[in-house]
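Shown below: coords.txt, with compact mmCIF, C-alpha atoms and all ligand atoms.
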```txt
# COMPACT_ATOMS: atom_id res chain seq x y z
CA MET A 1 144.84 120.52 117.73
CA ALA A 2 146.72 119.94 114.46
CA ALA A 3 145.94 116.24 114.72
CA ILE A 4 142.22 116.87 114.13
CA PHE A 5 142.91 118.31 110.66
CA ARG A 6 145.16 115.48 109.52
CA PRO A 7 143.40 113.28 106.91
CA ILE A 8 142.79 109.85 108.45
CA PRO A 9 142.45 107.23 105.67
CA TRP A 10 139.31 105.48 107.00
CA ALA A 11 137.60 108.76 107.82
CA PHE A 12 138.35 110.33 104.45
CA ARG A 13 135.72 109.52 101.83
CA GLY A 14 135.13 112.70 99.76
CA SER A 15 137.42 114.91 97.74
CA LEU A 16 137.59 117.56 100.48
CA CYS A 17 139.69 116.98 103.55
CA LEU A 18 137.50 118.29 106.42
CA PRO A 19 138.39 118.19 110.11
CA LEU A 20 137.25 114.92 111.69
CA SER A 21 135.03 116.83 114.14
CA ALA A 22 133.15 118.44 111.22
CA ARG A 23 132.54 115.03 109.65
CA ARG A 24 131.25 113.49 112.84
CA PHE A 25 128.63 116.20 113.34
CA SER A 26 127.87 116.60 109.64
CA LYS A 27 124.55 118.34 108.87
CA THR A 28 123.85 116.05 105.91
CA VAL A 29 123.25 113.14 108.28
CA ASP A 30 120.25 114.98 109.77
CA GLU A 31 118.89 116.09 106.41
CA ASN A 32 118.89 112.55 105.00
CA ARG A 33 117.08 110.98 107.97
CA SER A 34 115.84 107.67 106.67
CA LEU A 35 112.39 107.72 108.31
CA ALA A 36 111.52 111.34 107.53
CA GLY A 37 107.85 111.88 106.66
CA LYS A 38 106.80 108.50 108.07
CA VAL A 39 104.42 107.79 110.95
CA ALA A 40 105.09 105.08 113.54
CA VAL A 41 102.61 103.69 116.07
CA ILE A 42 104.27 101.90 118.99
CA THR A 43 102.48 99.95 121.75
CA GLY A 44 104.00 99.63 125.22
CA SER A 45 106.27 102.60 124.55
CA THR A 46 106.27 104.68 127.74
CA ARG A 47 109.31 102.96 129.23
CA GLY A 48 111.89 100.22 128.66
CA ILE A 49 112.42 98.78 125.18
CA GLY A 50 109.35 100.50 123.69
CA PHE A 51 110.42 103.94 124.89
CA ALA A 52 113.93 103.47 123.47
CA ILE A 53 112.40 102.45 120.12
CA ALA A 54 110.09 105.50 120.18
CA ARG A 55 113.00 107.84 120.82
CA ARG A 56 115.13 106.24 118.10
CA LEU A 57 112.44 106.24 115.39
CA ALA A 58 111.70 109.89 116.17
CA GLN A 59 115.42 110.75 116.10
CA ASP A 60 115.59 109.07 112.71
CA GLY A 61 112.84 111.35 111.41
CA ALA A 62 109.52 109.59 111.97
CA HIS A 63 106.53 111.09 113.75
CA VAL A 64 105.89 108.67 116.61
CA VAL A 65 102.61 107.87 118.36
CA ILE A 66 103.40 106.63 121.87
CA SER A 67 100.99 104.48 123.88
CA SER A 68 100.54 102.37 127.00
CA ARG A 69 97.86 101.52 129.53
CA LYS A 70 98.27 104.60 131.72
CA GLN A 71 97.62 108.11 130.41
CA GLU A 72 100.00 109.65 132.99
CA ASN A 73 102.84 107.43 131.69
CA VAL A 74 101.99 108.48 128.13
CA ASP A 75 102.00 112.18 129.09
CA GLU A 76 105.37 111.82 130.84
CA ALA A 77 107.00 109.99 127.89
CA VAL A 78 105.61 112.50 125.37
CA THR A 79 106.87 115.43 127.46
CA ILE A 80 110.39 113.97 127.73
CA LEU A 81 110.68 113.34 123.99
CA LYS A 82 109.13 116.69 123.02
CA GLU A 83 111.69 118.41 125.24
CA GLU A 84 114.34 116.66 123.16
CA GLY A 85 112.83 118.33 120.08
CA LEU A 86 111.29 115.12 118.75
CA SER A 87 107.99 114.83 116.89
CA VAL A 88 105.71 112.70 119.09
CA THR A 89 102.12 112.45 120.23
CA GLY A 90 100.54 109.85 122.46
CA THR A 91 97.43 108.22 123.76
CA MET A 92 96.36 105.61 126.24
CA CYS A 93 95.95 102.09 124.81
CA HIS A 94 95.66 98.79 126.69
CA VAL A 95 96.39 96.45 123.79
CA GLY A 96 94.15 93.73 125.21
CA LYS A 97 91.06 95.96 124.81
CA ALA A 98 89.36 96.28 121.42
CA GLU A 99 88.06 99.81 122.06
CA ASP A 100 91.56 100.99 123.08
CA ARG A 101 93.10 99.51 119.92
CA GLN A 102 90.51 101.34 117.80
CA HIS A 103 91.13 104.56 119.76
CA LEU A 104 94.90 104.28 119.12
CA VAL A 105 94.39 103.95 115.38
CA THR A 106 91.85 106.79 115.27
CA THR A 107 94.15 109.10 117.28
CA ALA A 108 97.17 108.29 115.12
CA LEU A 109 95.20 109.08 111.95
CA LYS A 110 93.78 112.30 113.42
CA HIS A 111 97.22 113.62 114.35
CA SER A 112 99.27 112.24 111.49
CA GLY A 113 97.03 111.41 108.54
CA GLY A 114 98.40 107.90 107.99
CA ILE A 115 100.39 105.03 109.46
CA ASP A 116 103.58 103.54 107.96
CA PHE A 117 105.03 101.52 110.83
CA LEU A 118 103.49 99.46 113.62
CA VAL A 119 105.78 98.27 116.41
CA CYS A 120 104.07 95.95 118.92
CA VAL A 121 106.14 96.03 122.09
CA ALA A 122 103.53 95.62 124.83
CA GLY A 123 103.93 92.29 126.60
CA VAL A 124 103.13 90.91 130.04
CA ASN A 125 104.04 88.03 132.34
CA PRO A 126 101.72 87.81 135.34
CA LEU A 127 102.92 84.29 136.31
CA VAL A 128 106.19 82.83 137.60
CA GLY A 129 105.23 79.22 138.30
CA SER A 130 103.93 75.95 136.95
CA THR A 131 102.55 75.90 133.41
CA LEU A 132 99.89 73.32 134.21
CA GLY A 133 99.00 75.19 137.39
CA ALA A 134 98.18 78.30 135.39
CA SER A 135 94.52 79.33 135.51
CA GLU A 136 92.48 79.92 132.37
CA GLN A 137 92.47 83.61 133.31
CA ILE A 138 96.30 83.70 133.25
CA TRP A 139 96.40 81.91 129.88
CA ASP A 140 93.86 84.36 128.46
CA LYS A 141 95.71 87.41 129.75
CA ILE A 142 99.12 86.35 128.41
CA LEU A 143 97.83 85.16 125.05
CA ASP A 144 95.48 88.17 124.63
CA VAL A 145 98.18 90.77 125.29
CA ASN A 146 101.28 89.06 123.90
CA VAL A 147 99.96 87.16 120.88
CA LYS A 148 96.44 88.17 119.82
CA SER A 149 96.73 91.93 120.28
CA PRO A 150 99.46 92.52 117.65
CA ALA A 151 97.37 90.69 115.02
CA LEU A 152 94.12 92.39 116.02
CA LEU A 153 95.74 95.83 116.08
CA LEU A 154 97.39 95.23 112.72
CA SER A 155 94.02 94.28 111.22
CA LYS A 156 92.79 97.79 112.15
CA VAL A 157 95.97 99.48 110.83
CA LEU A 158 96.12 97.48 107.59
CA PRO A 159 93.79 99.62 105.41
CA TYR A 160 95.90 102.70 106.20
CA MET A 161 99.18 100.96 105.38
CA GLU A 162 97.55 99.84 102.12
CA ASN A 163 96.63 103.49 101.44
CA ARG A 164 100.34 104.33 101.80
CA ARG A 165 101.13 101.43 99.41
CA GLY A 166 103.26 99.63 101.98
CA GLY A 167 104.48 99.51 105.53
CA SER A 168 106.66 97.79 108.07
CA VAL A 169 105.52 95.88 111.15
CA VAL A 170 107.84 94.80 113.96
CA LEU A 171 106.74 92.32 116.63
CA VAL A 172 108.66 91.76 119.87
CA SER A 173 109.27 88.16 120.97
CA SER A 174 111.99 86.98 123.42
CA GLY A 175 114.94 84.58 123.69
CA VAL A 176 112.65 82.34 125.75
CA ALA A 177 110.86 81.58 122.48
CA TYR A 178 113.85 79.39 121.49
CA VAL A 179 114.97 78.06 124.87
CA PRO A 180 112.21 77.89 127.48
CA VAL A 181 113.03 79.30 130.90
CA PRO A 182 111.72 77.33 133.90
CA LYS A 183 108.63 78.75 135.62
CA LEU A 184 107.79 80.92 132.60
CA GLY A 185 105.94 78.24 130.60
CA VAL A 186 102.93 80.29 129.53
CA TYR A 187 105.06 83.33 128.69
CA ASN A 188 107.62 81.14 126.82
CA THR A 189 104.75 79.68 124.79
CA SER A 190 103.34 83.11 123.93
CA LYS A 191 106.74 84.31 122.71
CA THR A 192 107.23 81.17 120.57
CA ALA A 193 103.81 81.81 119.02
CA LEU A 194 104.99 85.28 117.99
CA LEU A 195 107.79 83.76 115.89
CA GLY A 196 105.14 81.86 113.92
CA LEU A 197 102.82 84.86 113.75
CA CYS A 198 105.66 86.87 112.23
CA LYS A 199 106.20 84.32 109.47
CA SER A 200 102.49 83.86 108.68
CA LEU A 201 101.77 87.60 108.58
CA ALA A 202 104.88 88.23 106.47
CA MET A 203 103.67 85.74 103.88
CA GLU A 204 100.10 87.07 103.91
CA LEU A 205 101.08 90.74 103.60
CA ALA A 206 104.07 90.56 101.24
CA PRO A 207 101.86 91.04 98.14
CA LYS A 208 100.61 94.31 99.67
CA GLY A 209 104.16 95.65 100.16
CA ILE A 210 103.92 95.27 103.94
CA ARG A 211 106.89 93.64 105.65
CA VAL A 212 106.64 91.90 109.03
CA ASN A 213 109.69 91.10 111.15
CA CYS A 214 110.31 90.30 114.79
CA LEU A 215 112.81 91.61 117.33
CA VAL A 216 113.89 88.81 119.67
CA PRO A 217 115.59 90.37 122.71
CA GLY A 218 117.72 88.48 125.22
CA ILE A 219 117.86 89.92 128.71
CA ILE A 220 117.55 93.68 128.54
CA LYS A 221 117.80 95.91 131.61
CA THR A 222 114.26 97.20 132.18
CA ASP A 223 111.73 97.26 135.03
CA PHE A 224 110.22 94.10 133.54
CA SER A 225 113.36 91.92 133.52
CA LEU A 226 114.70 93.18 136.84
CA ARG A 227 111.42 92.51 138.67
CA GLU A 228 111.39 89.13 140.44
CA LYS A 229 107.61 89.00 139.97
CA THR A 230 107.91 88.82 136.16
CA MET A 231 111.36 87.22 135.62
CA PRO A 232 113.20 84.80 137.94
CA ASN A 233 116.67 86.06 138.97
CA MET A 234 118.66 83.17 137.41
CA LEU A 235 118.42 84.88 134.04
CA PRO A 236 121.43 87.25 134.20
CA ASP A 237 123.76 84.20 134.48
CA MET A 238 122.98 83.18 130.89
CA ASN A 239 124.91 86.08 129.46
CA LYS A 240 127.88 85.31 131.72
CA ILE A 241 127.96 81.77 130.38
CA PHE A 242 127.06 82.23 126.73
CA GLY A 243 128.00 85.63 125.44
CA VAL A 244 128.67 89.31 125.86
CA GLN A 245 129.46 89.66 129.56
CA ARG A 246 126.66 92.03 130.50
CA LEU A 247 122.93 92.54 130.11
CA GLY A 248 121.56 94.54 127.19
CA GLU A 249 120.30 98.11 127.26
CA PRO A 250 116.93 99.06 125.71
CA GLU A 251 118.75 101.35 123.23
CA GLU A 252 120.57 98.30 121.85
CA CYS A 253 117.23 96.98 120.56
CA ALA A 254 116.16 100.26 118.98
CA GLY A 255 118.65 100.45 116.10
CA LEU A 256 117.45 97.13 114.67
CA VAL A 257 113.84 98.32 114.70
CA SER A 258 114.76 101.55 112.92
CA PHE A 259 116.65 99.52 110.32
CA LEU A 260 113.71 97.13 109.84
CA CYS A 261 111.38 100.10 109.27
CA SER A 262 113.77 101.81 106.86
CA SER A 263 114.05 101.28 103.11
CA ASP A 264 117.44 99.64 103.76
CA ALA A 265 115.37 96.63 104.87
CA SER A 266 113.03 96.73 101.86
CA TYR A 267 113.79 93.09 100.91
CA ILE A 268 113.68 91.68 104.47
CA THR A 269 110.47 90.11 105.77
CA GLY A 270 109.46 87.20 107.97
CA GLU A 271 112.69 87.32 109.97
CA ASN A 272 113.03 86.76 113.71
CA ILE A 273 116.22 88.53 114.78
CA MET A 274 117.93 88.07 118.18
CA VAL A 275 119.48 91.01 120.05
CA ALA A 276 120.87 89.11 122.99
CA GLY A 277 124.66 89.26 123.19
CA PHE A 278 124.73 85.60 122.09
CA SER A 279 123.46 83.65 119.10
CA SER A 280 120.25 81.63 118.96
CA LYS A 281 122.21 79.07 116.89
CA LEU A 282 124.81 78.20 119.57
N1 LIG B 301 113.36 93.22 129.26
C1 LIG B 301 113.69 92.06 128.77
O1 LIG B 301 114.69 91.43 129.18
C2 LIG B 301 112.92 91.47 127.65
C3 LIG B 301 111.69 91.95 127.27
N2 LIG B 301 111.03 91.35 126.22
C4 LIG B 301 109.76 91.86 125.75
O2 LIG B 301 109.91 93.24 125.41
C5 LIG B 301 108.68 93.93 125.61
C6 LIG B 301 108.92 95.16 126.45
O3 LIG B 301 109.45 94.78 127.68
P1 LIG B 301 110.21 95.81 128.64
O4 LIG B 301 110.57 97.03 127.92
O5 LIG B 301 111.24 95.01 129.32
O6 LIG B 301 109.04 96.11 129.70
P2 LIG B 301 108.77 97.37 130.65
O7 LIG B 301 108.02 96.82 131.81
O8 LIG B 301 110.01 98.15 130.89
O9 LIG B 301 107.79 98.28 129.76
C7 LIG B 301 106.56 97.78 129.38
C8 LIG B 301 105.79 98.85 128.62
O10 LIG B 301 104.58 98.31 128.14
C9 LIG B 301 103.46 99.00 128.70
N3 LIG B 301 102.42 98.00 128.87
C10 LIG B 301 102.36 96.95 129.72
N4 LIG B 301 101.26 96.25 129.54
C11 LIG B 301 100.57 96.84 128.52
C12 LIG B 301 99.35 96.58 127.86
N5 LIG B 301 98.55 95.56 128.22
N6 LIG B 301 98.98 97.40 126.86
C13 LIG B 301 99.74 98.42 126.48
N7 LIG B 301 100.90 98.74 127.08
C14 LIG B 301 101.31 97.95 128.09
C15 LIG B 301 103.99 99.69 129.95
O11 LIG B 301 103.34 100.90 130.32
P3 LIG B 301 101.99 100.94 131.24
O12 LIG B 301 102.35 100.34 132.54
O13 LIG B 301 101.64 102.40 131.31
O14 LIG B 301 100.99 100.15 130.48
C16 LIG B 301 105.41 100.03 129.47
O15 LIG B 301 105.39 101.18 128.67
C17 LIG B 301 107.72 92.90 126.19
O16 LIG B 301 106.94 92.37 125.13
C18 LIG B 301 108.62 91.82 126.75
O17 LIG B 301 108.00 90.57 126.77
C19 LIG B 301 111.56 90.29 125.56
C20 LIG B 301 112.76 89.78 125.90
C21 LIG B 301 113.53 90.33 126.97
C1 LIG B 302 118.45 81.34 122.88
C2 LIG B 302 119.61 80.79 123.64
C3 LIG B 302 119.62 80.80 125.04
C4 LIG B 302 118.50 81.33 125.82
C5 LIG B 302 118.24 82.58 126.02
C6 LIG B 302 117.15 83.00 126.81
C7 LIG B 302 116.22 82.02 127.34
C8 LIG B 302 116.96 84.30 127.06
C9 LIG B 302 115.91 84.81 127.87
C10 LIG B 302 115.54 86.00 127.79
C11 LIG B 302 114.44 86.53 128.55
C12 LIG B 302 114.01 86.00 129.82
C13 LIG B 302 113.73 87.50 128.04
C14 LIG B 302 112.55 88.09 128.60
O1 LIG B 302 111.50 87.99 128.04
C15 LIG B 302 120.74 80.23 125.81
C16 LIG B 302 120.19 79.33 126.88
C17 LIG B 302 121.53 81.31 126.49
C18 LIG B 302 121.65 79.40 124.92
C19 LIG B 302 121.94 80.02 123.62
C20 LIG B 302 120.70 80.23 122.84
```

Any chance you could put this one into structure tokens?
Amino acid sequence: MAAIFRPIPWAFRGSLCLPLSARRFSKTVDENRSLAGKVAVITGSTRGIGFAIARRLAQDGAHVVISSRKQENVDEAVTILKEEGLSVTGTMCHVGKAEDRQHLVTTALKHSGGIDFLVCVAGVNPLVGSTLGASEQIWDKILDVNVKSPALLLSKVLPYMENRRGGSVVLVSSGVAYVPVPKLGVYNTSKTALLGLCKSLAMELAPKGIRVNCLVPGIIKTDFSLREKTMPNMLPDMNKIFGVQRLGEPEECAGLVSFLCSSDASYITGENIMVAGFSSKL
């Protein structure tokens, strides 16, 4: 027991020498939550990467508006996070549908009075196969959901971010944006487009105090990446060859998003940042 009370040089910052356990669970950390008083709207946030981001932003003090296509998934996610004592509400929103995007914004404003952060996680891949064999319907679906919807949703949110005199937007691309994966041509293309969308929006919105950045995940363990229908099974080998010897967890994406929303990132915009266990510059 005595060991806990011994001052450890790297753990000792103040003038008082407190037990290490007291420092680790310090109350001040909670009171200075960096996103306190802010409102975050997150698409595709009832499971996987989006859900981990929702939980993390709420833990860091934001009120979070959860959404996805299915109301029962929204209700389940909201219940789980409320049981953890987090401040969340939710509503159904298929990001490819204009009326759903408007409904999401209206609901967020009704419950929270403003919007500070928009995190666009929703993404789909209905095709594993030839790029040139893809039907126009497949192209429309992937580009509508993955590329157009973040811009169209942001256009609805923009006036409210301007009211708050600033905001932070985070898009979600993929490692396939840099190195195309076979049989995912249309999806690869949509995720590369997001890198450009991030840079263009960042430039356009910087004068308004709105920052736009992009999370670029590698292979993260979720229903999406583990399903053969959306991702071919050769993908896990990449991490074995190039980097950290395991796949990522959704929670490992969430810290970056919280940082990008926080005032610690107030001079960062237009960046596409990989969370992949290897570098995009190999
Ligand atoms: N997992 C990975 O390895 C990687 C994922 N990504 C990207 O991360 C994002 C999240 O993926 P991940 O967490 O793995 O996926 P999951 O399948 O685990 O979760 C997807 C979430 O999005 C919702 N969703 C799906 N389609 C729509 C839609 N049209 N409108 C609104 N919500 C929707 C789903 O709920 P519901 O069914 O209720 O709509 C669910 O909440 C995607 O953009 C994906 O491309 C990028 C790189 C790697
Ligand atoms: C960037 C990069 C690579 C590719 C990573 C890829 C392609 C990751 C795919 C992730 C997926 C499928 C995400 C889901 O959307 C390599 C080849 C490891 C080499 C090093 C640089």

**OP:** Have a look at A:Ser112, A:Ser190, A:Gln137, A:Gln102 and name the one nearest to ligand LIG 301 (chain B); count only C-alpha atoms and all ligand atoms.
**Re:** A:Ser190

Original post:
Near range 277-282 of chain A, counting all atoms listed in the file, which residues have an atom at most 12 Å away, once you skip same-chain residues fewer than 6 positions from it, shown as a list in words?
Top reply: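 Here the answer would be Ser174, Gly175, Val176, Ala177, Tyr178, Val179, Val216, Pro217, Gly218, Ile219, Ile220, Pro236, Met238, Asn239, Lys240, Ile241, Phe242, Gly243, Val244, Gln245, Arg246, Leu247, Gly248, Glu249, Glu252 and Cys253 of chain A.
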
Original post:
Using only C-alpha atoms and all ligand atoms, which residue out of A:Thr89, A:Thr79, A:Ser263, A:Ser225 lies closest to ligand LIG 301 (chain B)?
Top reply: A:Ser225

Identify, counting only C-alpha atoms and all ligand atoms, the protein, DNA and RNA residues located within 7 Å of ligand LIG 301 (chain B), and give them as a short mmCIF file (atom, residue, chain, number, x, y, z; two decimals) with C-alpha atoms, in the coordinates of the input.
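The new file result26.cif reads:
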```cif
data_model
loop_
_atom_site.label_atom_id
_atom_site.label_comp_id
_atom_site.auth_asym_id
_atom_site.auth_seq_id
_atom_site.Cartn_x
_atom_site.Cartn_y
_atom_site.Cartn_z
CA THR A 43 102.48 99.95 121.75
CA GLY A 44 104.00 99.63 125.22
CA SER A 45 106.27 102.60 124.55
CA THR A 46 106.27 104.68 127.74
CA ARG A 47 109.31 102.96 129.23
CA GLY A 48 111.89 100.22 128.66
CA ILE A 49 112.42 98.78 125.18
CA GLY A 50 109.35 100.50 123.69
CA PHE A 51 110.42 103.94 124.89
CA SER A 67 100.99 104.48 123.88
CA SER A 68 100.54 102.37 127.00
CA ARG A 69 97.86 101.52 129.53
CA LYS A 70 98.27 104.60 131.72
CA ASN A 73 102.84 107.43 131.69
CA VAL A 74 101.99 108.48 128.13
CA CYS A 93 95.95 102.09 124.81
CA HIS A 94 95.66 98.79 126.69
CA VAL A 95 96.39 96.45 123.79
CA GLY A 96 94.15 93.73 125.21
CA VAL A 121 106.14 96.03 122.09
CA ALA A 122 103.53 95.62 124.83
CA GLY A 123 103.93 92.29 126.60
CA VAL A 124 103.13 90.91 130.04
CA VAL A 145 98.18 90.77 125.29
CA ASN A 146 101.28 89.06 123.90
CA VAL A 172 108.66 91.76 119.87
CA SER A 173 109.27 88.16 120.97
CA SER A 174 111.99 86.98 123.42
CA GLY A 175 114.94 84.58 123.69
CA VAL A 216 113.89 88.81 119.67
CA PRO A 217 115.59 90.37 122.71
CA GLY A 218 117.72 88.48 125.22
CA ILE A 219 117.86 89.92 128.71
CA ILE A 220 117.55 93.68 128.54
CA LYS A 221 117.80 95.91 131.61
CA THR A 222 114.26 97.20 132.18
CA ASP A 223 111.73 97.26 135.03
CA PHE A 224 110.22 94.10 133.54
CA SER A 225 113.36 91.92 133.52
#
```

**OP:** Would you mind telling me which residue in A:Ser266, A:Gln71, A:Thr230, A:Thr91 lies nearest to ligand LIG 302 (chain B) when using all atoms listed in the file?
**Re:** A:Thr230

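Put simply, CA of Thr269 in chain A is 15.7 Å away from CA of Met161 in chain A.
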
Subject >> Given all atoms listed in the file as the counted atoms, nearest of A:Val78, A:Lys148, A:Val65, A:Arg55 to Lys97 in chain A >> reply: A:Lys148

Original post:
Hey, can you pull every residue with an atom no more than 8 Å from (104.8, 91.6, 109.8), using all atoms listed in the file, and send it as number ranges by chain?
Top reply: A: 168-171, 198-199, 201-202, 205, 210-214, 269-270

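Using all atoms listed in the file, the smallest distance between any of A:Leu127, A:Leu132, A:Leu256, A:Ile115 and Lys156 in chain A comes from A:Ile115.
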
Would you compute, for all listed atoms of ligand LIG 302 (chain B), the axis-aligned bounding box grown by 4 Å on each side, and then report its centre and edge lengths in Å rounded to one decimal, as JSON?
```
{"center_x": 116.7, "center_y": 83.7, "center_z": 126.3, "size_x": 18.4, "size_y": 16.8, "size_z": 15.0}
```

**OP:** Quick one: pull the distance between atom C3 of ligand LIG 302 (chain B) and CA of Asp237 in chain A, Å, one decimal.
**Re:**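 Here the two named atoms are 10.9 Å from each other.
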
Subject >> Length of the CA of Ala206 in chain A to CA of Val257 in chain A vector [Å] >> reply: 18.4 Å

Subject >> Nearest candidate to Cys261 in chain A (options A:Leu158, A:Leu153, A:Leu109, A:Val119; using all atoms listed in the file) >> reply: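 The answer is A:Val119, which sits nearest to Cys261 in chain A.
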
Original post:
Hey, what's within 9 Å of Arg56 in chain A if we count all atoms listed in the file and toss same-chain stuff fewer than 6 positions away? As a list of chain:residue names, please?
Top reply: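 Non-adjacent residues within range: A:Ala62, A:Glu251, A:Ala254, A:Gly255, A:Val257, A:Ser258.
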
Original post:
Neighbours of Gly129 in chain A within 10 Å (only C-alpha atoms; same-chain residues fewer than 6 positions away dropped), as an MDAnalysis selection string?
Top reply: chainID A and resid 182:186 232
